[in-house]
>>> print(open('entry.pdb').read())   # PDB, C-alpha atoms
MODEL        1
ATOM      1  CA  MET G   9      52.503  -5.881 220.534
ATOM      2  CA  THR G  10      55.735  -5.144 218.744
ATOM      3  CA  ALA G  11      58.872  -3.173 219.511
ATOM      4  CA  GLU G  12      57.407  -0.200 217.618
ATOM      5  CA  ASN G  13      54.528   0.318 220.061
ATOM      6  CA  SER G  14      56.308  -0.719 223.244
ATOM      7  CA  ALA G  15      57.335   2.253 225.365
ATOM      8  CA  LYS G  16      59.521   0.320 227.755
ATOM      9  CA  THR G  17      63.265   0.057 227.589
ATOM     10  CA  ILE G  18      64.215  -3.563 228.195
ATOM     11  CA  THR G  19      67.681  -4.363 229.522
ATOM     12  CA  THR G  20      67.099  -7.860 230.899
ATOM     13  CA  CYS G  21      65.491 -10.938 229.386
ATOM     14  CA  VAL G  22      64.510 -13.605 231.918
ATOM     15  CA  PHE G  23      63.418 -17.072 230.826
ATOM     16  CA  ASP G  24      61.501 -19.833 232.448
ATOM     17  CA  ALA G  25      63.494 -23.027 231.884
ATOM     18  CA  TYR G  26      61.320 -26.118 231.451
ATOM     19  CA  GLY G  27      59.158 -25.978 228.354
ATOM     20  CA  THR G  28      60.577 -22.584 227.402
ATOM     21  CA  LEU G  29      64.284 -23.226 226.839
ATOM     22  CA  PHE G  30      64.283 -26.985 227.420
ATOM     23  CA  ASP G  31      61.960 -29.534 225.815
ATOM     24  CA  VAL G  32      60.210 -31.330 228.686
ATOM     25  CA  THR G  33      59.050 -34.122 226.353
ATOM     26  CA  ALA G  34      62.603 -34.992 225.340
ATOM     27  CA  ALA G  35      63.266 -37.484 228.146
ATOM     28  CA  ALA G  36      60.251 -39.673 227.325
ATOM     29  CA  ARG G  37      60.813 -39.364 223.581
ATOM     30  CA  GLU G  38      64.485 -40.343 223.779
ATOM     31  CA  ALA G  39      63.795 -43.246 226.120
ATOM     32  CA  ALA G  40      61.099 -44.495 223.722
ATOM     33  CA  GLU G  41      63.681 -44.621 220.933
ATOM     34  CA  SER G  42      65.653 -47.240 222.853
ATOM     35  CA  PRO G  43      64.906 -50.909 222.159
ATOM     36  CA  ALA G  44      65.308 -51.495 225.880
ATOM     37  CA  PHE G  45      61.879 -49.976 226.561
ATOM     38  CA  PRO G  46      59.450 -51.275 223.915
ATOM     39  CA  ALA G  47      56.385 -50.597 226.074
ATOM     40  CA  LEU G  48      57.160 -46.887 225.930
ATOM     41  CA  ALA G  49      56.955 -46.679 222.136
ATOM     42  CA  GLU G  50      53.162 -46.344 222.125
ATOM     43  CA  THR G  51      52.756 -44.446 225.374
ATOM     44  CA  TRP G  52      55.615 -41.945 225.609
ATOM     45  CA  GLN G  53      53.524 -38.929 224.568
ATOM     46  CA  ALA G  54      50.851 -39.676 227.157
ATOM     47  CA  LEU G  55      53.495 -40.333 229.784
ATOM     48  CA  ALA G  56      55.276 -37.057 228.983
ATOM     49  CA  ALA G  57      51.991 -35.136 229.233
ATOM     50  CA  ASN G  58      51.024 -36.804 232.519
ATOM     51  CA  TRP G  59      54.491 -36.207 233.922
ATOM     52  CA  ARG G  60      54.457 -32.506 233.086
ATOM     53  CA  ASP G  61      50.865 -31.940 234.212
ATOM     54  CA  LYS G  62      51.514 -33.485 237.617
ATOM     55  CA  GLN G  63      54.854 -31.722 237.954
ATOM     56  CA  VAL G  64      53.162 -28.339 237.506
ATOM     57  CA  GLY G  65      50.109 -29.286 239.563
ATOM     58  CA  TYR G  66      52.148 -30.559 242.482
ATOM     59  CA  SER G  67      54.193 -27.339 242.479
ATOM     60  CA  TRP G  68      50.998 -25.266 242.816
ATOM     61  CA  LEU G  69      49.671 -27.450 245.636
ATOM     62  CA  ARG G  70      52.924 -27.266 247.540
ATOM     63  CA  ALA G  71      53.073 -23.491 247.065
ATOM     64  CA  VAL G  72      49.525 -23.093 248.412
ATOM     65  CA  THR G  73      49.978 -25.441 251.385
ATOM     66  CA  GLY G  74      53.487 -24.279 252.258
ATOM     67  CA  ASP G  75      54.726 -27.875 252.067
ATOM     68  CA  HIS G  76      57.807 -27.122 249.971
ATOM     69  CA  CYS G  77      60.202 -29.700 248.578
ATOM     70  CA  ASP G  78      62.858 -29.276 245.941
ATOM     71  CA  PHE G  79      61.975 -29.704 242.279
ATOM     72  CA  TRP G  80      63.875 -32.949 241.979
ATOM     73  CA  GLN G  81      61.656 -34.650 244.564
ATOM     74  CA  LEU G  82      58.581 -33.186 242.896
ATOM     75  CA  THR G  83      59.781 -34.399 239.480
ATOM     76  CA  GLN G  84      60.177 -37.933 240.814
ATOM     77  CA  ASP G  85      56.741 -37.874 242.429
ATOM     78  CA  ALA G  86      55.175 -36.694 239.168
ATOM     79  CA  LEU G  87      56.997 -39.382 237.181
ATOM     80  CA  ASP G  88      55.822 -42.124 239.538
ATOM     81  CA  TYR G  89      52.245 -40.994 238.973
ATOM     82  CA  ALA G  90      52.750 -40.889 235.197
ATOM     83  CA  LEU G  91      54.314 -44.351 235.115
ATOM     84  CA  GLU G  92      51.395 -45.852 237.024
ATOM     85  CA  ALA G  93      48.844 -43.966 234.919
ATOM     86  CA  ASN G  94      50.329 -45.572 231.822
ATOM     87  CA  GLY G  95      50.727 -49.070 233.223
ATOM     88  CA  LEU G  96      54.496 -48.827 233.525
ATOM     89  CA  GLU G  97      54.932 -48.845 237.284
ATOM     90  CA  GLY G  98      57.472 -51.314 238.606
ATOM     91  CA  ASP G  99      59.915 -50.855 235.720
ATOM     92  CA  ALA G 100      62.862 -49.603 237.768
ATOM     93  CA  ALA G 101      65.207 -49.434 234.770
ATOM     94  CA  LEU G 102      62.796 -47.251 232.828
ATOM     95  CA  ARG G 103      62.274 -44.958 235.795
ATOM     96  CA  GLU G 104      66.010 -44.567 236.280
ATOM     97  CA  ARG G 105      66.569 -43.837 232.592
ATOM     98  CA  LEU G 106      63.819 -41.225 232.414
ATOM     99  CA  LEU G 107      65.168 -39.415 235.451
ATOM    100  CA  GLN G 108      68.690 -39.504 234.033
ATOM    101  CA  LEU G 109      67.478 -38.001 230.767
ATOM    102  CA  TYR G 110      65.642 -35.239 232.600
ATOM    103  CA  TRP G 111      68.993 -33.881 233.739
ATOM    104  CA  GLU G 112      70.047 -33.673 230.075
ATOM    105  CA  LEU G 113      66.941 -32.222 228.428
ATOM    106  CA  SER G 114      67.478 -30.938 224.904
ATOM    107  CA  ALA G 115      67.146 -27.219 224.300
ATOM    108  CA  TYR G 116      64.698 -26.211 221.583
ATOM    109  CA  PRO G 117      66.540 -25.727 218.255
ATOM    110  CA  GLU G 118      66.218 -21.941 218.162
ATOM    111  CA  VAL G 119      67.475 -21.345 221.717
ATOM    112  CA  PRO G 120      71.241 -20.868 221.117
ATOM    113  CA  ALA G 121      70.729 -18.411 218.261
ATOM    114  CA  VAL G 122      68.123 -16.402 220.184
ATOM    115  CA  LEU G 123      70.285 -16.151 223.293
ATOM    116  CA  SER G 124      73.273 -15.188 221.160
ATOM    117  CA  ALA G 125      71.270 -12.425 219.468
ATOM    118  CA  LEU G 126      70.157 -11.054 222.822
ATOM    119  CA  LYS G 127      73.717 -11.079 224.165
ATOM    120  CA  ASP G 128      74.971  -9.374 220.989
ATOM    121  CA  ALA G 129      72.371  -6.660 221.608
ATOM    122  CA  GLY G 130      73.827  -6.057 225.067
ATOM    123  CA  MET G 131      71.025  -7.721 226.995
ATOM    124  CA  THR G 132      71.390  -9.420 230.353
ATOM    125  CA  THR G 133      70.006 -12.955 230.055
ATOM    126  CA  ALA G 134      68.892 -15.165 232.931
ATOM    127  CA  ILE G 135      66.769 -18.130 233.952
ATOM    128  CA  LEU G 136      64.107 -17.962 236.671
ATOM    129  CA  SER G 137      62.824 -21.454 237.350
ATOM    130  CA  ASN G 138      61.149 -23.825 239.775
ATOM    131  CA  GLY G 139      64.090 -26.143 239.109
ATOM    132  CA  SER G 140      66.651 -26.855 241.798
ATOM    133  CA  PRO G 141      70.104 -25.315 241.254
ATOM    134  CA  ASP G 142      71.713 -28.665 240.461
ATOM    135  CA  MET G 143      69.032 -29.585 237.926
ATOM    136  CA  LEU G 144      69.252 -26.221 236.203
ATOM    137  CA  ASN G 145      73.030 -26.255 236.088
ATOM    138  CA  GLY G 146      72.933 -29.758 234.613
ATOM    139  CA  ALA G 147      70.470 -28.776 231.892
ATOM    140  CA  VAL G 148      72.299 -25.557 231.020
ATOM    141  CA  SER G 149      75.651 -27.336 230.800
ATOM    142  CA  SER G 150      74.272 -30.274 228.825
ATOM    143  CA  ALA G 151      72.761 -27.869 226.279
ATOM    144  CA  GLY G 152      75.970 -25.822 226.069
ATOM    145  CA  LEU G 153      74.285 -22.581 227.140
ATOM    146  CA  ASN G 154      76.593 -21.491 229.978
ATOM    147  CA  ALA G 155      78.243 -18.682 228.022
ATOM    148  CA  LEU G 156      74.874 -17.337 226.867
ATOM    149  CA  LEU G 157      73.317 -16.852 230.322
ATOM    150  CA  ASP G 158      74.380 -14.325 232.940
ATOM    151  CA  ALA G 159      72.486 -15.887 235.845
ATOM    152  CA  THR G 160      70.396 -18.902 236.811
ATOM    153  CA  LEU G 161      67.878 -18.156 239.558
ATOM    154  CA  SER G 162      66.100 -20.965 241.412
ATOM    155  CA  VAL G 163      63.064 -20.818 243.683
ATOM    156  CA  GLU G 164      65.078 -22.753 246.257
ATOM    157  CA  SER G 165      66.478 -19.460 247.558
ATOM    158  CA  VAL G 166      62.970 -18.426 248.692
ATOM    159  CA  GLY G 167      61.467 -21.864 249.399
ATOM    160  CA  VAL G 168      58.271 -21.564 247.381
ATOM    161  CA  PHE G 169      57.293 -22.341 243.781
ATOM    162  CA  LYS G 170      55.880 -20.013 241.156
ATOM    163  CA  PRO G 171      53.662 -18.101 240.874
ATOM    164  CA  SER G 172      54.522 -16.670 244.289
ATOM    165  CA  ALA G 173      55.562 -13.017 244.044
ATOM    166  CA  LYS G 174      58.604 -13.971 246.141
ATOM    167  CA  VAL G 175      59.917 -15.850 243.112
ATOM    168  CA  TYR G 176      59.428 -13.030 240.605
ATOM    169  CA  ASN G 177      60.978 -10.628 243.102
ATOM    170  CA  LEU G 178      64.244 -12.581 242.821
ATOM    171  CA  VAL G 179      64.819 -10.944 239.429
ATOM    172  CA  GLU G 180      64.890  -7.488 240.958
ATOM    173  CA  THR G 181      66.911  -8.378 244.034
ATOM    174  CA  GLU G 182      69.427 -10.725 242.426
ATOM    175  CA  LEU G 183      69.926  -8.919 239.117
ATOM    176  CA  ASN G 184      69.530  -5.377 240.491
ATOM    177  CA  VAL G 185      67.047  -4.415 237.818
ATOM    178  CA  ALA G 186      63.695  -2.604 237.861
ATOM    179  CA  LYS G 187      60.487  -4.374 236.821
ATOM    180  CA  SER G 188      60.102  -1.999 233.882
ATOM    181  CA  GLU G 189      63.424  -3.159 232.441
ATOM    182  CA  VAL G 190      62.507  -6.860 232.371
ATOM    183  CA  LEU G 191      61.053  -8.984 229.600
ATOM    184  CA  PHE G 192      59.933 -12.248 231.187
ATOM    185  CA  VAL G 193      59.526 -15.206 228.831
ATOM    186  CA  SER G 194      57.627 -18.416 229.574
ATOM    187  CA  SER G 195      55.893 -21.207 227.671
ATOM    188  CA  ASN G 196      53.453 -21.590 230.563
ATOM    189  CA  GLY G 197      50.432 -19.355 230.075
ATOM    190  CA  TRP G 198      49.796 -19.165 233.820
ATOM    191  CA  ASP G 199      53.439 -18.171 234.448
ATOM    192  CA  ALA G 200      53.391 -15.454 231.797
ATOM    193  CA  GLY G 201      50.065 -14.148 233.089
ATOM    194  CA  CYS G 202      51.149 -14.076 236.729
ATOM    195  CA  ALA G 203      54.454 -12.432 235.814
ATOM    196  CA  ALA G 204      52.513  -9.772 233.912
ATOM    197  CA  ALA G 205      50.355  -9.153 236.978
ATOM    198  CA  TYR G 206      53.542  -8.837 239.027
ATOM    199  CA  GLY G 207      54.676  -6.031 236.751
ATOM    200  CA  PHE G 208      56.970  -7.551 234.143
ATOM    201  CA  GLU G 209      56.532  -7.161 230.432
ATOM    202  CA  THR G 210      55.939 -10.747 229.378
ATOM    203  CA  ALA G 211      56.103 -12.955 226.318
ATOM    204  CA  TRP G 212      54.116 -16.178 226.258
ATOM    205  CA  ILE G 213      55.716 -18.828 224.049
ATOM    206  CA  ASN G 214      52.588 -20.683 222.991
ATOM    207  CA  ARG G 215      54.166 -23.691 221.304
ATOM    208  CA  LEU G 216      50.959 -25.741 221.418
ATOM    209  CA  GLY G 217      48.520 -23.088 220.182
ATOM    210  CA  LEU G 218      46.522 -23.095 223.428
ATOM    211  CA  PRO G 219      43.863 -20.579 224.515
ATOM    212  CA  GLN G 220      45.065 -17.828 226.809
ATOM    213  CA  ASP G 221      44.557 -18.467 230.525
ATOM    214  CA  ARG G 222      41.932 -16.265 232.177
ATOM    215  CA  LEU G 223      44.030 -14.694 234.913
ATOM    216  CA  HIS G 224      44.523 -11.313 236.536
ATOM    217  CA  GLY G 225      47.491 -10.595 234.267
ATOM    218  CA  THR G 226      47.765 -10.823 230.481
ATOM    219  CA  PRO G 227      51.000 -11.357 228.523
ATOM    220  CA  GLN G 228      51.811  -8.451 226.219
ATOM    221  CA  HIS G 229      53.276 -10.750 223.567
ATOM    222  CA  THR G 230      52.314 -14.199 222.293
ATOM    223  CA  LEU G 231      54.767 -16.045 220.057
ATOM    224  CA  PRO G 232      54.726 -19.571 218.572
ATOM    225  CA  ASP G 233      58.372 -20.092 219.562
ATOM    226  CA  LEU G 234      61.404 -18.030 220.581
ATOM    227  CA  THR G 235      62.661 -17.226 217.077
ATOM    228  CA  THR G 236      61.347 -13.674 216.815
ATOM    229  CA  LEU G 237      61.872 -12.750 220.464
ATOM    230  CA  PRO G 238      64.897 -10.475 219.827
ATOM    231  CA  SER G 239      62.740  -8.254 217.609
ATOM    232  CA  LEU G 240      60.605  -7.322 220.635
ATOM    233  CA  ILE G 241      63.511  -5.669 222.392
ATOM    234  CA  LYS G 242      63.658  -1.890 222.271
ATOM    235  CA  ARG G 243      66.935  -0.366 223.514
TER
ENDMDL
END
>>> encode(input="entry.pdb", output="structure tokens")
Amino acid sequence: MTAENSAKTITTCVFDAYGTLFDVTAAAREAAESPAFPALAETWQALAANWRDKQVGYSWLRAVTGDHCDFWQLTQDALDYALEANGLEGDAALRERLLQLYWELSAYPEVPAVLSALKDAGMTTAILSNGSPDMLNGAVSSAGLNALLDATLSVESVGVFKPSAKVYNLVETELNVAKSEVLFVSSNGWDAGCAAAYGFETAWINRLGLPQDRLHGTPQHTLPDLTTLPSLIKR
């Protein structure tokens, strides 16, 4: 779907953070480049994948069971699993370095220009993320995106992870905007699908060329990255 056949008037563009604006593989990749961690050179991609898979999976389990913790604790738990899965458990220095780098994740190259274009078009821009406020503020500041975002919304204010409707509802209550005015953007197919079912217009950033998740909601847009996102906006 393009701007030409979209009937909605979008005023607000809301982004998932991890994997959408920030490269979740960056911490493992950057640590692997250091001579201090030679064992990571051959395993960093597997470790990054394990880390992310468990991070997402643990968030779903905690949402279903009601056993909430903040995203920082969940991120550490997922990393500990990934380290053991790749035979790297017990390396305290590596663990510490990976966690440090996670607070400074690189933004994808196109992110600053895309956010700037949206702001120039008069759009409200925001993050809606499972991340804790401190983690999100650290990532936004490290990437130099503060001036390009109007708000950073964390699930911590409702005490449950995505895809709970309580999380998506934060956009309406905190930004004072109607569902029909929101374009929600996520690299997670399940997140984009659930946000579509909630009532947002959604764009799935399918960086890995994956099949679409079979869910009760379907993203209206699928893009390989964020570059062409501003062209979807109809004012």
>>> atom_distance(input="entry.pdb", atom1="CA of Leu136 in chain G", atom2="CA of Ile213 in chain G")
15.2 Å
>>> residues_around(input="entry.pdb", residues="range 233-240 of chain G", least_positions_apart="5", cutoff="10 Å", atoms="all atoms listed in the file", output="VMD selection string")
chain G and resid 9 to 14 18 21 28 to 29 116 to 119 121 to 127 129 131 191 193 to 195 211 to 216
>>> atom_distance(input="entry.pdb", atom1="CA of Ala49 in chain G", atom2="CA of Gln108 in chain G")
18.2 Å
>>> axis_aligned_box(input="entry.pdb", around="range 225-241 of chain G", padding_each_side="4 Å", output="lines of an AutoDock Vina configuration file")
center_x = 56.2
center_y = -12.9
center_z = 225.5
size_x = 25.4
size_y = 22.4
size_z = 25.5
>>> closest_residue(input="entry.pdb", among="G:Leu109, G:Val64, G:Leu82, G:Ala155", to="Arg37 in chain G", atoms="all atoms listed in the file")
G:Leu109
>>> closest_residue(input="entry.pdb", among="G:Trp68, G:Phe30, G:Phe192, G:Trp80", to="Ala134 in chain G", atoms="only C-alpha atoms")
G:Phe192
>>> closest_residue(input="entry.pdb", among="G:Gln53, G:Thr17, G:Ser140, G:Gln228", to="Val185 in chain G", atoms="all atoms listed in the file")
G:Thr17
>>> residues_around(input="entry.pdb", residues="Glu104 in chain G", least_positions_apart="2", cutoff="12 Å", atoms="all atoms listed in the file", output="list in words")
Ala35, Ala36, Ala39, Phe45, Gln84, Leu87, Asp88, Leu91, Glu97, Gly98, Asp99, Ala100, Ala101, Leu102, Leu106, Leu107, Gln108, Leu109, Tyr110 and Trp111 of chain G
>>> atom_distance(input="entry.pdb", atom1="CA of Val32 in chain G", atom2="CA of Gly152 in chain G")
16.9 Å
>>> closest_residue(input="entry.pdb", among="G:Leu113, G:Ala71, G:Ala54, G:Val166", to="Val148 in chain G", atoms="all atoms listed in the file")
G:Leu113
>>> residues_around(input="entry.pdb", residues="Val163 in chain G", least_positions_apart="3", cutoff="6 Å", atoms="all atoms listed in the file", output="number ranges by chain")
G: 138, 166, 169, 175
>>> residues_around(input="entry.pdb", residues="Leu69 in chain G", least_positions_apart="5", cutoff="12 Å", atoms="all atoms listed in the file", output="list of chain:residue names")
G:Lys62, G:Gln63, G:Val64, G:Gly74, G:Asp75, G:His76, G:Cys77, G:Leu82, G:Val168, G:Phe169, G:Lys170, G:Pro171, G:Ser172
>>> resolve_selection(input="entry.pdb", expression="the PyMOL selection byres ((chain G and resi 183) around 10)", output="number ranges by chain")
G: 20, 132-134, 158-159, 161, 177-182, 184-186
>>> closest_residue(input="entry.pdb", among="G:Pro43, G:Gly201, G:Asp142, G:Glu209", to="Thr226 in chain G", atoms="all atoms listed in the file")
G:Gly201
>>> residues_around(input="entry.pdb", residues="Ser114 in chain G", least_positions_apart="2", cutoff="8 Å", atoms="only C-alpha atoms", output="PyMOL selection string")
chain G and resi 30-31+34+112+116+147+150-151
>>> closest_residue(input="entry.pdb", among="G:Gly197, G:Pro46, G:Gly95, G:Gly130", to="Leu156 in chain G", atoms="only C-alpha atoms")
G:Gly130
>>> residues_near_point(input="entry.pdb", point="(53.8, -30.0, 232.3)", cutoff="10 Å", atoms="only C-alpha atoms", output="PyMOL selection string")
chain G and resi 26-27+32-33+56-65+86+196
>>> build_atoms(input="entry.pdb", residues="range 117-128 of chain G", atoms="all heavy atoms", output="short mmCIF file (atom, residue, chain, number, x, y, z; two decimals), in the frame of the given file")
data_model
loop_
_atom_site.label_atom_id
_atom_site.label_comp_id
_atom_site.auth_asym_id
_atom_site.auth_seq_id
_atom_site.Cartn_x
_atom_site.Cartn_y
_atom_site.Cartn_z
N PRO G 117 65.52 -26.04 219.28
CA PRO G 117 66.54 -25.73 218.26
C PRO G 117 66.91 -24.26 218.15
O PRO G 117 68.07 -23.93 217.87
CB PRO G 117 65.88 -26.23 216.96
CG PRO G 117 64.92 -27.28 217.39
CD PRO G 117 64.41 -26.84 218.72
N GLU G 118 65.94 -23.37 218.36
CA GLU G 118 66.22 -21.94 218.16
C GLU G 118 66.91 -21.27 219.35
O GLU G 118 67.35 -20.11 219.25
CB GLU G 118 64.91 -21.20 217.85
CG GLU G 118 63.98 -20.95 219.03
CD GLU G 118 63.02 -22.08 219.34
OE1 GLU G 118 63.27 -23.20 218.85
OE2 GLU G 118 62.03 -21.84 220.06
N VAL G 119 67.01 -21.97 220.48
CA VAL G 119 67.47 -21.34 221.72
C VAL G 119 68.88 -20.74 221.62
O VAL G 119 69.08 -19.57 221.99
CB VAL G 119 67.37 -22.34 222.89
CG1 VAL G 119 68.12 -21.82 224.12
CG2 VAL G 119 65.91 -22.59 223.23
N PRO G 120 69.90 -21.47 221.15
CA PRO G 120 71.24 -20.87 221.12
C PRO G 120 71.31 -19.59 220.29
O PRO G 120 71.93 -18.60 220.71
CB PRO G 120 72.11 -21.98 220.52
CG PRO G 120 71.39 -23.25 220.85
CD PRO G 120 69.94 -22.90 220.74
N ALA G 121 70.68 -19.59 219.13
CA ALA G 121 70.73 -18.41 218.26
C ALA G 121 70.00 -17.23 218.89
O ALA G 121 70.46 -16.08 218.80
CB ALA G 121 70.13 -18.72 216.89
N VAL G 122 68.88 -17.48 219.55
CA VAL G 122 68.12 -16.40 220.18
C VAL G 122 68.92 -15.80 221.34
O VAL G 122 69.03 -14.57 221.47
CB VAL G 122 66.76 -16.92 220.67
CG1 VAL G 122 66.07 -15.90 221.58
CG2 VAL G 122 65.87 -17.24 219.48
N LEU G 123 69.48 -16.65 222.18
CA LEU G 123 70.28 -16.15 223.29
C LEU G 123 71.50 -15.38 222.79
O LEU G 123 71.87 -14.34 223.35
CB LEU G 123 70.72 -17.30 224.21
CG LEU G 123 69.62 -17.98 225.01
CD1 LEU G 123 70.20 -19.14 225.81
CD2 LEU G 123 68.93 -16.99 225.95
N SER G 124 72.12 -15.88 221.74
CA SER G 124 73.27 -15.19 221.16
C SER G 124 72.88 -13.81 220.65
O SER G 124 73.61 -12.82 220.85
CB SER G 124 73.87 -16.01 220.02
OG SER G 124 74.45 -17.21 220.49
N ALA G 125 71.74 -13.71 219.99
CA ALA G 125 71.27 -12.42 219.47
C ALA G 125 71.00 -11.44 220.60
O ALA G 125 71.32 -10.24 220.49
CB ALA G 125 70.01 -12.62 218.63
N LEU G 126 70.42 -11.92 221.68
CA LEU G 126 70.16 -11.05 222.82
C LEU G 126 71.46 -10.57 223.45
O LEU G 126 71.59 -9.39 223.81
CB LEU G 126 69.31 -11.79 223.85
CG LEU G 126 67.87 -12.12 223.43
CD1 LEU G 126 67.21 -13.03 224.46
CD2 LEU G 126 67.05 -10.85 223.24
N LYS G 127 72.42 -11.48 223.60
CA LYS G 127 73.72 -11.08 224.16
C LYS G 127 74.42 -10.08 223.25
O LYS G 127 75.03 -9.11 223.72
CB LYS G 127 74.59 -12.31 224.38
CG LYS G 127 74.08 -13.29 225.42
CD LYS G 127 73.95 -12.65 226.80
CE LYS G 127 75.32 -12.26 227.35
NZ LYS G 127 75.18 -11.58 228.66
N ASP G 128 74.35 -10.29 221.94
CA ASP G 128 74.97 -9.37 220.99
C ASP G 128 74.35 -7.98 221.07
O ASP G 128 75.00 -6.98 220.77
CB ASP G 128 74.85 -9.91 219.57
CG ASP G 128 75.73 -11.12 219.31
OD1 ASP G 128 76.64 -11.37 220.13
OD2 ASP G 128 75.50 -11.83 218.31
#
